[in-house]
Each structure stands twice: as C-alpha cells, then as structure tokens.
>>> print(open('data24.cif').read())   # mmCIF, C-alpha atoms; chains and numbers go by the auth columns
data_my_file
loop_
_atom_site.group_PDB
_atom_site.id
_atom_site.type_symbol
_atom_site.label_atom_id
_atom_site.label_comp_id
_atom_site.label_asym_id
_atom_site.label_seq_id
_atom_site.Cartn_x
_atom_site.Cartn_y
_atom_site.Cartn_z
_atom_site.B_iso_or_equiv
_atom_site.auth_seq_id
_atom_site.auth_asym_id
ATOM 1 C CA MET A 1 114.128 -36.979 -102.117 0.00 1 W
ATOM 2 C CA PRO A 2 116.988 -35.845 -104.386 0.00 2 W
ATOM 3 C CA ILE A 3 119.634 -38.121 -105.849 0.00 3 W
ATOM 4 C CA VAL A 4 123.246 -37.348 -104.995 0.00 4 W
ATOM 5 C CA LEU A 5 125.901 -38.349 -107.530 0.00 5 W
ATOM 6 C CA LEU A 6 129.044 -39.149 -105.563 0.00 6 W
ATOM 7 C CA VAL A 7 132.083 -38.802 -107.837 0.00 7 W
ATOM 8 C CA ARG A 8 135.550 -39.867 -106.825 0.00 8 W
ATOM 9 C CA HIS A 9 138.218 -37.513 -108.177 0.00 9 W
ATOM 10 C CA GLY A 10 140.257 -38.605 -111.176 0.00 10 W
ATOM 11 C CA ARG A 11 143.493 -40.498 -110.845 0.00 11 W
ATOM 12 C CA THR A 12 146.604 -38.841 -109.419 0.00 12 W
ATOM 13 C CA ALA A 13 150.289 -39.761 -109.570 0.00 13 W
ATOM 14 C CA ALA A 14 149.961 -40.995 -105.980 0.00 14 W
ATOM 15 C CA ASN A 15 147.170 -43.377 -107.020 0.00 15 W
ATOM 16 C CA SER A 16 149.244 -44.838 -109.847 0.00 16 W
ATOM 17 C CA ALA A 17 152.370 -45.091 -107.665 0.00 17 W
ATOM 18 C CA GLY A 18 150.544 -46.735 -104.761 0.00 18 W
ATOM 19 C CA VAL A 19 151.258 -43.884 -102.348 0.00 19 W
ATOM 20 C CA LEU A 20 148.879 -42.762 -99.606 0.00 20 W
ATOM 21 C CA ALA A 21 148.418 -39.054 -100.348 0.00 21 W
ATOM 22 C CA GLY A 22 145.878 -38.139 -97.662 0.00 22 W
ATOM 23 C CA VAL A 23 145.355 -34.487 -96.825 0.00 23 W
ATOM 24 C CA GLY A 24 149.081 -33.786 -96.533 0.00 24 W
ATOM 25 C CA HIS A 25 149.893 -34.242 -100.232 0.00 25 W
ATOM 26 C CA ASP A 26 147.629 -31.803 -102.056 0.00 26 W
ATOM 27 C CA ILE A 27 148.432 -33.101 -105.515 0.00 27 W
ATOM 28 C CA GLY A 28 146.510 -32.625 -108.735 0.00 28 W
ATOM 29 C CA LEU A 29 145.304 -35.037 -111.386 0.00 29 W
ATOM 30 C CA ASP A 30 147.689 -36.872 -113.652 0.00 30 W
ATOM 31 C CA GLN A 31 146.921 -37.148 -117.378 0.00 31 W
ATOM 32 C CA VAL A 32 144.828 -40.277 -116.862 0.00 32 W
ATOM 33 C CA GLY A 33 142.849 -38.461 -114.179 0.00 33 W
ATOM 34 C CA VAL A 34 142.188 -35.535 -116.502 0.00 34 W
ATOM 35 C CA THR A 35 141.050 -37.986 -119.190 0.00 35 W
ATOM 36 C CA GLN A 36 138.727 -39.687 -116.710 0.00 36 W
ATOM 37 C CA ALA A 37 137.150 -36.360 -115.767 0.00 37 W
ATOM 38 C CA ARG A 38 136.783 -35.345 -119.412 0.00 38 W
ATOM 39 C CA ALA A 39 135.101 -38.670 -120.198 0.00 39 W
ATOM 40 C CA LEU A 40 132.683 -38.211 -117.311 0.00 40 W
ATOM 41 C CA ALA A 41 131.655 -34.666 -118.279 0.00 41 W
ATOM 42 C CA PRO A 42 129.453 -35.615 -121.278 0.00 42 W
ATOM 43 C CA ARG A 43 127.803 -38.349 -119.224 0.00 43 W
ATOM 44 C CA LEU A 44 126.808 -35.763 -116.616 0.00 44 W
ATOM 45 C CA ALA A 45 125.502 -33.532 -119.396 0.00 45 W
ATOM 46 C CA ALA A 46 122.533 -35.910 -119.602 0.00 46 W
ATOM 47 C CA VAL A 47 121.216 -34.777 -116.222 0.00 47 W
ATOM 48 C CA PRO A 48 120.353 -31.391 -114.682 0.00 48 W
ATOM 49 C CA LEU A 49 122.255 -30.530 -111.498 0.00 49 W
ATOM 50 C CA SER A 50 120.712 -28.454 -108.734 0.00 50 W
ATOM 51 C CA ALA A 51 123.907 -28.164 -106.659 0.00 51 W
ATOM 52 C CA VAL A 52 127.607 -28.967 -106.952 0.00 52 W
ATOM 53 C CA VAL A 53 129.726 -29.658 -103.857 0.00 53 W
ATOM 54 C CA SER A 54 133.429 -30.499 -103.701 0.00 54 W
ATOM 55 C CA GLY A 55 136.016 -31.475 -101.166 0.00 55 W
ATOM 56 C CA PRO A 56 138.725 -28.827 -100.710 0.00 56 W
ATOM 57 C CA LEU A 57 141.793 -30.664 -102.026 0.00 57 W
ATOM 58 C CA ARG A 58 143.267 -29.880 -105.430 0.00 58 W
ATOM 59 C CA ARG A 59 142.459 -33.268 -106.974 0.00 59 W
ATOM 60 C CA CYS A 60 138.766 -32.791 -106.201 0.00 60 W
ATOM 61 C CA ARG A 61 138.679 -29.175 -107.346 0.00 61 W
ATOM 62 C CA GLU A 62 140.441 -30.015 -110.618 0.00 62 W
ATOM 63 C CA THR A 63 137.971 -32.829 -111.243 0.00 63 W
ATOM 64 C CA VAL A 64 134.930 -30.674 -110.607 0.00 64 W
ATOM 65 C CA ASP A 65 136.361 -27.848 -112.716 0.00 65 W
ATOM 66 C CA VAL A 66 136.630 -30.204 -115.697 0.00 66 W
ATOM 67 C CA LEU A 67 133.134 -31.573 -115.103 0.00 67 W
ATOM 68 C CA MET A 68 131.578 -28.122 -114.928 0.00 68 W
ATOM 69 C CA ALA A 69 133.659 -26.363 -117.596 0.00 69 W
ATOM 70 C CA GLU A 70 130.917 -26.452 -120.231 0.00 70 W
ATOM 71 C CA ARG A 71 127.942 -26.041 -117.897 0.00 71 W
ATOM 72 C CA ALA A 72 126.076 -23.098 -116.456 0.00 72 W
ATOM 73 C CA ASP A 73 124.926 -24.966 -113.360 0.00 73 W
ATOM 74 C CA PRO A 74 125.092 -23.541 -109.802 0.00 74 W
ATOM 75 C CA ALA A 75 128.360 -22.304 -108.380 0.00 75 W
ATOM 76 C CA ILE A 76 130.642 -24.895 -106.783 0.00 76 W
ATOM 77 C CA THR A 77 130.426 -25.135 -102.991 0.00 77 W
ATOM 78 C CA VAL A 78 133.549 -26.359 -101.184 0.00 78 W
ATOM 79 C CA ASP A 79 132.930 -28.276 -97.950 0.00 79 W
ATOM 80 C CA ASP A 80 135.934 -29.135 -95.764 0.00 80 W
ATOM 81 C CA ARG A 81 134.022 -32.041 -94.220 0.00 81 W
ATOM 82 C CA LEU A 82 134.394 -33.879 -97.531 0.00 82 W
ATOM 83 C CA THR A 83 138.190 -33.823 -97.493 0.00 83 W
ATOM 84 C CA GLU A 84 140.324 -36.957 -97.525 0.00 84 W
ATOM 85 C CA CYS A 85 141.059 -38.878 -94.333 0.00 85 W
ATOM 86 C CA ASP A 86 143.987 -37.502 -92.365 0.00 86 W
ATOM 87 C CA TYR A 87 146.339 -40.485 -92.391 0.00 87 W
ATOM 88 C CA GLY A 88 148.791 -38.785 -90.033 0.00 88 W
ATOM 89 C CA THR A 89 152.310 -40.203 -90.192 0.00 89 W
ATOM 90 C CA TRP A 90 151.193 -42.664 -92.877 0.00 90 W
ATOM 91 C CA THR A 91 150.767 -39.782 -95.332 0.00 91 W
ATOM 92 C CA GLY A 92 153.129 -40.008 -98.301 0.00 92 W
ATOM 93 C CA ARG A 93 154.194 -43.600 -97.601 0.00 93 W
ATOM 94 C CA SER A 94 153.794 -46.425 -100.105 0.00 94 W
ATOM 95 C CA LEU A 95 151.009 -48.943 -99.643 0.00 95 W
ATOM 96 C CA ARG A 96 153.552 -51.754 -100.056 0.00 96 W
ATOM 97 C CA GLU A 97 155.557 -50.410 -97.140 0.00 97 W
ATOM 98 C CA LEU A 98 152.460 -49.819 -95.027 0.00 98 W
ATOM 99 C CA SER A 99 151.239 -53.361 -95.626 0.00 99 W
ATOM 100 C CA HIS A 100 153.984 -54.550 -93.272 0.00 100 W
ATOM 101 C CA GLU A 101 152.669 -52.420 -90.398 0.00 101 W
ATOM 102 C CA SER A 102 150.631 -54.246 -87.743 0.00 102 W
ATOM 103 C CA LEU A 103 147.919 -51.586 -88.037 0.00 103 W
ATOM 104 C CA TRP A 104 147.455 -52.440 -91.721 0.00 104 W
ATOM 105 C CA ARG A 105 145.635 -55.657 -90.862 0.00 105 W
ATOM 106 C CA VAL A 106 143.318 -53.715 -88.590 0.00 106 W
ATOM 107 C CA VAL A 107 142.610 -51.205 -91.365 0.00 107 W
ATOM 108 C CA GLN A 108 141.594 -54.079 -93.632 0.00 108 W
ATOM 109 C CA ALA A 109 139.541 -56.114 -91.142 0.00 109 W
ATOM 110 C CA HIS A 110 138.381 -53.738 -88.403 0.00 110 W
ATOM 111 C CA PRO A 111 138.560 -50.132 -89.691 0.00 111 W
ATOM 112 C CA SER A 112 136.066 -48.879 -87.104 0.00 112 W
ATOM 113 C CA ALA A 113 138.814 -49.419 -84.502 0.00 113 W
ATOM 114 C CA VAL A 114 141.470 -47.489 -86.448 0.00 114 W
ATOM 115 C CA THR A 115 142.882 -44.103 -85.632 0.00 115 W
ATOM 116 C CA PHE A 116 145.814 -43.380 -87.912 0.00 116 W
ATOM 117 C CA PRO A 117 148.965 -42.461 -85.953 0.00 117 W
ATOM 118 C CA GLY A 118 148.987 -38.705 -85.589 0.00 118 W
ATOM 119 C CA GLY A 119 145.839 -38.505 -87.727 0.00 119 W
ATOM 120 C CA GLU A 120 142.124 -39.198 -87.879 0.00 120 W
ATOM 121 C CA SER A 121 139.907 -42.154 -87.038 0.00 121 W
ATOM 122 C CA MET A 122 137.815 -43.863 -89.700 0.00 122 W
ATOM 123 C CA ARG A 123 134.748 -43.324 -87.510 0.00 123 W
ATOM 124 C CA ALA A 124 135.383 -39.575 -87.583 0.00 124 W
ATOM 125 C CA VAL A 125 135.668 -39.644 -91.375 0.00 125 W
ATOM 126 C CA GLN A 126 132.310 -41.380 -91.708 0.00 126 W
ATOM 127 C CA THR A 127 130.591 -39.097 -89.200 0.00 127 W
ATOM 128 C CA ARG A 128 131.704 -35.854 -90.860 0.00 128 W
ATOM 129 C CA ALA A 129 131.072 -37.122 -94.378 0.00 129 W
ATOM 130 C CA VAL A 130 127.591 -38.529 -93.758 0.00 130 W
ATOM 131 C CA THR A 131 126.601 -35.413 -91.827 0.00 131 W
ATOM 132 C CA ALA A 132 127.746 -33.191 -94.718 0.00 132 W
ATOM 133 C CA VAL A 133 125.983 -35.268 -97.387 0.00 133 W
ATOM 134 C CA ARG A 134 122.704 -35.390 -95.520 0.00 134 W
ATOM 135 C CA GLU A 135 122.811 -31.653 -94.789 0.00 135 W
ATOM 136 C CA HIS A 136 123.450 -30.756 -98.428 0.00 136 W
ATOM 137 C CA ASP A 137 120.785 -33.219 -99.559 0.00 137 W
ATOM 138 C CA GLY A 138 118.238 -31.548 -97.284 0.00 138 W
ATOM 139 C CA LEU A 139 119.155 -28.123 -98.638 0.00 139 W
ATOM 140 C CA VAL A 140 118.778 -29.340 -102.228 0.00 140 W
ATOM 141 C CA ALA A 141 115.385 -30.878 -101.460 0.00 141 W
ATOM 142 C CA GLU A 142 114.228 -27.650 -99.865 0.00 142 W
ATOM 143 C CA ALA A 143 115.441 -25.465 -102.719 0.00 143 W
ATOM 144 C CA ALA A 144 114.847 -27.646 -105.785 0.00 144 W
ATOM 145 C CA GLY A 145 112.321 -30.282 -104.776 0.00 145 W
ATOM 146 C CA PRO A 146 112.327 -34.052 -104.275 0.00 146 W
ATOM 147 C CA ASN A 147 113.276 -34.962 -107.859 0.00 147 W
ATOM 148 C CA ALA A 148 116.456 -32.888 -107.977 0.00 148 W
ATOM 149 C CA LEU A 149 119.930 -34.262 -108.664 0.00 149 W
ATOM 150 C CA TRP A 150 123.125 -32.872 -107.247 0.00 150 W
ATOM 151 C CA LEU A 151 126.833 -33.619 -107.590 0.00 151 W
ATOM 152 C CA LEU A 152 129.453 -34.241 -104.925 0.00 152 W
ATOM 153 C CA VAL A 153 133.169 -34.791 -105.656 0.00 153 W
ATOM 154 C CA SER A 154 135.272 -36.381 -102.932 0.00 154 W
ATOM 155 C CA HIS A 155 137.650 -39.261 -102.117 0.00 155 W
ATOM 156 C CA GLY A 156 137.504 -43.052 -102.095 0.00 156 W
ATOM 157 C CA ASP A 157 137.364 -43.678 -98.336 0.00 157 W
ATOM 158 C CA VAL A 158 134.951 -40.790 -97.866 0.00 158 W
ATOM 159 C CA ILE A 159 132.543 -42.112 -100.495 0.00 159 W
ATOM 160 C CA LYS A 160 132.828 -45.692 -99.224 0.00 160 W
ATOM 161 C CA SER A 161 131.937 -44.455 -95.745 0.00 161 W
ATOM 162 C CA VAL A 162 128.842 -42.703 -97.090 0.00 162 W
ATOM 163 C CA VAL A 163 127.814 -45.789 -99.073 0.00 163 W
ATOM 164 C CA ALA A 164 128.235 -48.033 -96.033 0.00 164 W
ATOM 165 C CA ASP A 165 125.925 -45.763 -94.069 0.00 165 W
ATOM 166 C CA ALA A 166 123.368 -45.754 -96.887 0.00 166 W
ATOM 167 C CA LEU A 167 123.432 -49.555 -97.126 0.00 167 W
ATOM 168 C CA GLY A 168 123.229 -50.029 -93.374 0.00 168 W
ATOM 169 C CA LEU A 169 126.638 -51.722 -93.388 0.00 169 W
ATOM 170 C CA HIS A 170 128.943 -51.653 -90.402 0.00 170 W
ATOM 171 C CA LEU A 171 132.013 -49.521 -91.022 0.00 171 W
ATOM 172 C CA ASP A 172 134.127 -52.681 -90.746 0.00 172 W
ATOM 173 C CA LEU A 173 132.700 -53.816 -94.105 0.00 173 W
ATOM 174 C CA ILE A 174 133.783 -50.820 -96.203 0.00 174 W
ATOM 175 C CA GLN A 175 136.772 -52.700 -97.617 0.00 175 W
ATOM 176 C CA ARG A 176 134.253 -54.827 -99.518 0.00 176 W
ATOM 177 C CA LEU A 177 133.241 -51.725 -101.478 0.00 177 W
ATOM 178 C CA ILE A 178 135.152 -50.533 -104.536 0.00 178 W
ATOM 179 C CA VAL A 179 135.119 -46.868 -105.566 0.00 179 W
ATOM 180 C CA ASP A 180 137.489 -46.242 -108.462 0.00 180 W
ATOM 181 C CA PRO A 181 138.904 -42.867 -109.552 0.00 181 W
ATOM 182 C CA GLY A 182 136.472 -41.128 -111.877 0.00 182 W
ATOM 183 C CA SER A 183 133.523 -43.338 -110.860 0.00 183 W
ATOM 184 C CA ILE A 184 129.950 -42.356 -109.989 0.00 184 W
ATOM 185 C CA THR A 185 127.905 -43.710 -107.100 0.00 185 W
ATOM 186 C CA ALA A 186 124.263 -42.595 -106.858 0.00 186 W
ATOM 187 C CA VAL A 187 122.353 -42.468 -103.569 0.00 187 W
ATOM 188 C CA ARG A 188 118.818 -41.326 -102.838 0.00 188 W
ATOM 189 C CA TYR A 189 117.808 -40.485 -99.259 0.00 189 W
ATOM 190 C CA THR A 190 114.186 -40.837 -98.153 0.00 190 W
ATOM 191 C CA GLN A 191 112.419 -40.530 -94.812 0.00 191 W
ATOM 192 C CA MET A 192 112.330 -44.315 -94.530 0.00 192 W
ATOM 193 C CA ARG A 193 115.802 -45.272 -95.758 0.00 193 W
ATOM 194 C CA PRO A 194 118.492 -44.444 -98.327 0.00 194 W
ATOM 195 C CA SER A 195 118.773 -46.367 -101.586 0.00 195 W
ATOM 196 C CA VAL A 196 122.048 -46.966 -103.436 0.00 196 W
ATOM 197 C CA MET A 197 121.087 -46.700 -107.102 0.00 197 W
ATOM 198 C CA ARG A 198 124.561 -47.092 -108.621 0.00 198 W
ATOM 199 C CA LEU A 199 127.942 -48.071 -107.242 0.00 199 W
ATOM 200 C CA ASN A 200 131.364 -47.506 -108.823 0.00 200 W
ATOM 201 C CA ASP A 201 129.781 -46.767 -112.209 0.00 201 W
ATOM 202 C CA THR A 202 132.493 -45.944 -114.750 0.00 202 W
ATOM 203 C CA GLY A 203 130.732 -46.200 -118.081 0.00 203 W
ATOM 204 C CA ASP A 204 126.951 -46.368 -118.268 0.00 204 W
ATOM 205 C CA ASP A 205 124.747 -43.650 -119.688 0.00 205 W
ATOM 206 C CA LEU A 206 123.117 -41.568 -116.937 0.00 206 W
ATOM 207 C CA SER A 207 120.016 -40.424 -118.800 0.00 207 W
ATOM 208 C CA ASP A 208 117.785 -42.842 -116.878 0.00 208 W
ATOM 209 C CA LEU A 209 118.458 -40.785 -113.739 0.00 209 W
ATOM 210 C CA ARG A 210 116.574 -37.828 -115.192 0.00 210 W
ATOM 211 C CA PRO A 211 113.551 -36.796 -113.096 0.00 211 W
ATOM 212 C CA ARG A 212 110.449 -38.496 -114.440 0.00 212 W
ATOM 213 C CA GLY A 213 106.725 -38.012 -114.114 0.00 213 W
ATOM 214 C CA ARG A 214 104.884 -40.033 -111.521 0.00 214 W
ATOM 215 C CA ARG A 215 103.488 -42.563 -113.990 0.00 215 W
ATOM 216 C CA ARG A 216 106.858 -43.308 -115.568 0.00 216 W
ATOM 217 C CA ARG A 217 108.508 -43.751 -112.182 0.00 217 W
ATOM 218 C CA SER A 218 105.792 -46.162 -111.083 0.00 218 W
ATOM 219 C CA THR A 219 106.201 -48.162 -114.282 0.00 219 W
ATOM 220 C CA ALA A 220 109.956 -48.402 -113.804 0.00 220 W
ATOM 221 C CA VAL A 221 109.554 -49.544 -110.194 0.00 221 W
ATOM 222 C CA ALA A 222 106.970 -52.136 -111.211 0.00 222 W
ATOM 223 C CA ALA A 223 109.316 -53.500 -113.866 0.00 223 W
ATOM 224 C CA ARG A 224 112.094 -53.953 -111.319 0.00 224 W
ATOM 225 C CA LEU A 225 109.734 -55.625 -108.850 0.00 225 W
ATOM 226 C CA GLY A 226 108.610 -57.915 -111.630 0.00 226 W
ATOM 227 C CA GLY A 227 112.080 -59.357 -112.039 0.00 227 W
ATOM 228 C CA GLY A 228 113.791 -56.895 -114.382 0.00 228 W
ATOM 229 C CA ALA A 229 117.560 -57.214 -114.496 0.00 229 W
ATOM 230 C CA GLY A 230 119.425 -54.783 -112.271 0.00 230 W
ATOM 231 C CA ARG A 231 122.977 -53.426 -112.447 0.00 231 W
ATOM 232 C CA SER A 232 125.684 -55.167 -110.513 0.00 232 W
#
>>> encode(input="data24.cif", output="structure tokens")
Amino acid sequence: MPIVLLVRHGRTAANSAGVLAGVGHDIGLDQVGVTQARALAPRLAAVPLSAVVSGPLRRCRETVDVLMAERADPAITVDDRLTECDYGTWTGRSLRELSHESLWRVVQAHPSAVTFPGGESMRAVQTRAVTAVREHDGLVAEAAGPNALWLLVSHGDVIKSVVADALGLHLDLIQRLIVDPGSITAVRYTQMRPSVMRLNDTGDDLSDLRPRGRRRRSTAVAARLGGGAGRS
C-alpha cells in the first residue's frame, strides 16, 4: 500500500508563545515556521508525490504552499476533517494558564475521556482524522498503485491521533508521542496492519522512501530482520 507522509505545519506565533490556537485562531506561520517549510521542501523533492492533502487552516495551507511551490505535482486537496481540534473555550488561552485547570491533568493522563468545554472530544478528533487518512490512502492506492507516496499536512494532535491508531496504541497514550512543527511522520497501511516508518523526523534524507523494485525491497527487509540498526 502507499506511504503517507504526515507533515505538521511550520511554527506559528502561538506555538512560540505557548498559546492554544485551535480552530478559532486561524493564524499563519511565523518566520521560523516559513524557514522550517522551506527547509523541508528540498527533502520532499527526493520523492514523487501522487496526492497532496491539507487541513483547511491558514498555517497548514501556508506550509503546503511553500512545500509545493517548485513542484508540478497534483493539485492540493483541502479536507476539513484534518483541521485542528476545536478546543472550545480553551482557544486562545496560554498553556501556562490552562495547566492550572483540573481538566488539564485529564488531558495529559486520560485524553480519551476529554471533551473540551464548548468544543470537541479527543475521540472525535481521532475518528475523523483516521477516517480521512484511510480514505485518501485508499484513493491513492487505487489511482497510483501500492508503491505510491502522498503528502498530508495537518496539526500536532491530529497527527498524534493517527499515529496512535497506526501503532495500536490507546488514545490515552498519545502524550507519549512527539510531533514537532515542520516534522515528517511516515505511515504505510496494509491489509494486515499499518507500519510507522518514521516519527517526528526533522532532518534525515527521504530518498530511501522512493518506490523500489521487488528485489531491492526484499533485500532491505532482510537487512532489517538481520539486525540492521533502525531509526529511533
């Protein structure tokens, strides 16, 4: 099956200030975020992309616009299901302030039980995000074949929810995952199970994700089974 490259948008002023932007603050990238996207673009140039999908918020669209500026790949598809979590009345508040709320501890330890006041539940975020990713992945496989790669740009909690599903982790464990602004996480879905090929990758060359012939793939798999060093 195809490989999906899950990219978190570049940094925003809310990220640097420790403010929960959510869907209510549709802010763009700050200069660091633009730099992160520009640094990622040549890394993505190493791989062909069969589809490009983005969340609807400005910070995602600005990131994907930078990534695709020099490419003639397929048109960008915007999917509302890949938007940020609706944090309700927490939107726009500082993380330091929110850390004193009783619900904060629940968010950290038991997020599957959390519905943000006036907003969305973490379970709903995971359900819509995983459904969207799997649907797009099926469409890419149908149109471009099992060795295709495609790009998805979204948000930290959204990507962590997708990764938790791929790893078979309970939603309560997503706080153990780190997804930094401008990072890449690679997931391949198969009929048997998904495989997380990269997580929170912010610097490595991506050329080894190019589709390979059957013999080369088998050799690479054999090397890993034989004790080759993996990425942490």
>>> resolve_selection(input="data24.cif", expression="the PyMOL selection byres ((chain W and resi 115) around 12)", output="MDAnalysis selection string")
chainID W and resid 85:90 103:104 106:107 110:114 116:125
>>> closest_atom_pairs(input="data24.cif", of="stretch 74-180 of chain W", to="stretch 8-14 of chain W", cutoff="9 Å", atoms="only C-alpha atoms", output="CSV")
residue,atom,partner,partner_atom,distance
W:Gly92,CA,W:Ala14,CA,8.4
W:Ser94,CA,W:Ala14,CA,8.9
W:Leu152,CA,W:Arg8,CA,8.5
W:Val153,CA,W:Arg8,CA,5.7
W:Ser154,CA,W:Arg8,CA,5.2
W:His155,CA,W:Arg8,CA,5.2
W:Gly156,CA,W:Arg8,CA,6.0
W:Ile159,CA,W:Arg8,CA,7.4
W:Val179,CA,W:Arg8,CA,7.1
W:Asp180,CA,W:Arg8,CA,6.9
>>> atom_distance(input="data24.cif", atom1="atom CA of W:Leu67", atom2="atom CA of W:Ala41")
4.7 Å
>>> resolve_selection(input="data24.cif", expression="the PyMOL selection byres ((chain W and resi 3) around 7)", output="PyMOL selection string")
chain W and resi 1-2+4-5+148-150+186-188
>>> closest_residue(input="data24.cif", among="W:Val47, W:Leu199, W:Val34, W:Met192", to="W:Lys160", atoms="all atoms listed in the file")
W:Leu199
>>> atom_distance(input="data24.cif", atom1="atom CA of W:Ile27", atom2="atom CA of W:Gly55")
13.3 Å
>>> closest_residue(input="data24.cif", among="W:Val23, W:Leu49, W:Leu29, W:Val162", to="W:Ile174", atoms="all atoms listed in the file")
W:Val162
>>> closest_residue(input="data24.cif", among="W:Ile184, W:Val140, W:Leu6, W:Val64", to="W:Ser161", atoms="all atoms listed in the file")
W:Leu6
>>> atom_distance(input="data24.cif", atom1="atom CA of W:Leu20", atom2="atom CA of W:Leu95")
6.5 Å
>>> residues_around(input="data24.cif", residues="W:Leu173", least_positions_apart="2", cutoff="9 Å", atoms="all atoms listed in the file", output="CSV table (one decimal) with C-alpha atoms, keeping the file's coordinate frame")
chain,number,residue,atom,x,y,z
W,108,GLN,CA,141.6,-54.1,-93.6
W,109,ALA,CA,139.5,-56.1,-91.1
W,110,HIS,CA,138.4,-53.7,-88.4
W,111,PRO,CA,138.6,-50.1,-89.7
W,164,ALA,CA,128.2,-48.0,-96.0
W,169,LEU,CA,126.6,-51.7,-93.4
W,170,HIS,CA,128.9,-51.7,-90.4
W,171,LEU,CA,132.0,-49.5,-91.0
W,175,GLN,CA,136.8,-52.7,-97.6
W,176,ARG,CA,134.3,-54.8,-99.5
W,177,LEU,CA,133.2,-51.7,-101.5
>>> decode(input="data24.cif", residues="stretch 14-52 of chain W", atoms="C-alpha atoms", output="mmCIF file, in the first residue's frame")
data_model
loop_
_atom_site.group_PDB
_atom_site.id
_atom_site.type_symbol
_atom_site.label_atom_id
_atom_site.label_comp_id
_atom_site.auth_asym_id
_atom_site.auth_seq_id
_atom_site.Cartn_x
_atom_site.Cartn_y
_atom_site.Cartn_z
ATOM 1 C CA ALA W 14 1.001 30.856 19.025
ATOM 2 C CA ASN W 15 3.390 27.888 19.171
ATOM 3 C CA SER W 16 6.300 30.071 20.265
ATOM 4 C CA ALA W 17 4.157 31.971 22.795
ATOM 5 C CA GLY W 18 2.657 28.819 24.305
ATOM 6 C CA VAL W 19 -0.901 29.709 23.301
ATOM 7 C CA LEU W 20 -3.536 27.162 22.295
ATOM 8 C CA ALA W 21 -4.635 28.391 18.861
ATOM 9 C CA GLY W 22 -7.102 25.645 17.920
ATOM 10 C CA VAL W 23 -9.534 26.280 15.094
ATOM 11 C CA GLY W 24 -10.573 29.678 16.448
ATOM 12 C CA HIS W 25 -7.244 31.428 15.810
ATOM 13 C CA ASP W 26 -6.575 30.974 12.102
ATOM 14 C CA ILE W 27 -3.045 32.324 12.218
ATOM 15 C CA GLY W 28 -0.256 31.892 9.703
ATOM 16 C CA LEU W 29 3.355 30.818 10.033
ATOM 17 C CA ASP W 30 5.922 32.947 11.784
ATOM 18 C CA GLN W 31 9.376 33.402 10.231
ATOM 19 C CA VAL W 32 10.696 30.249 11.890
ATOM 20 C CA GLY W 33 7.728 28.328 10.506
ATOM 21 C CA VAL W 34 8.401 29.610 6.999
ATOM 22 C CA THR W 35 12.055 28.592 7.379
ATOM 23 C CA GLN W 36 11.009 25.126 8.535
ATOM 24 C CA ALA W 37 8.769 24.691 5.496
ATOM 25 C CA ARG W 38 11.478 25.949 3.146
ATOM 26 C CA ALA W 39 13.973 23.507 4.669
ATOM 27 C CA LEU W 40 11.538 20.632 4.223
ATOM 28 C CA ALA W 41 10.782 21.382 0.559
ATOM 29 C CA PRO W 42 14.104 20.103 -0.881
ATOM 30 C CA ARG W 43 13.847 16.976 1.258
ATOM 31 C CA LEU W 44 10.454 16.220 -0.289
ATOM 32 C CA ALA W 45 11.938 16.835 -3.728
ATOM 33 C CA ALA W 46 13.624 13.439 -3.358
ATOM 34 C CA VAL W 47 10.304 11.608 -3.620
ATOM 35 C CA PRO W 48 7.432 11.617 -6.137
ATOM 36 C CA LEU W 49 4.028 12.542 -4.702
ATOM 37 C CA SER W 50 0.811 11.069 -6.051
ATOM 38 C CA ALA W 51 -1.509 13.267 -3.958
ATOM 39 C CA VAL W 52 -1.310 16.274 -1.647
#
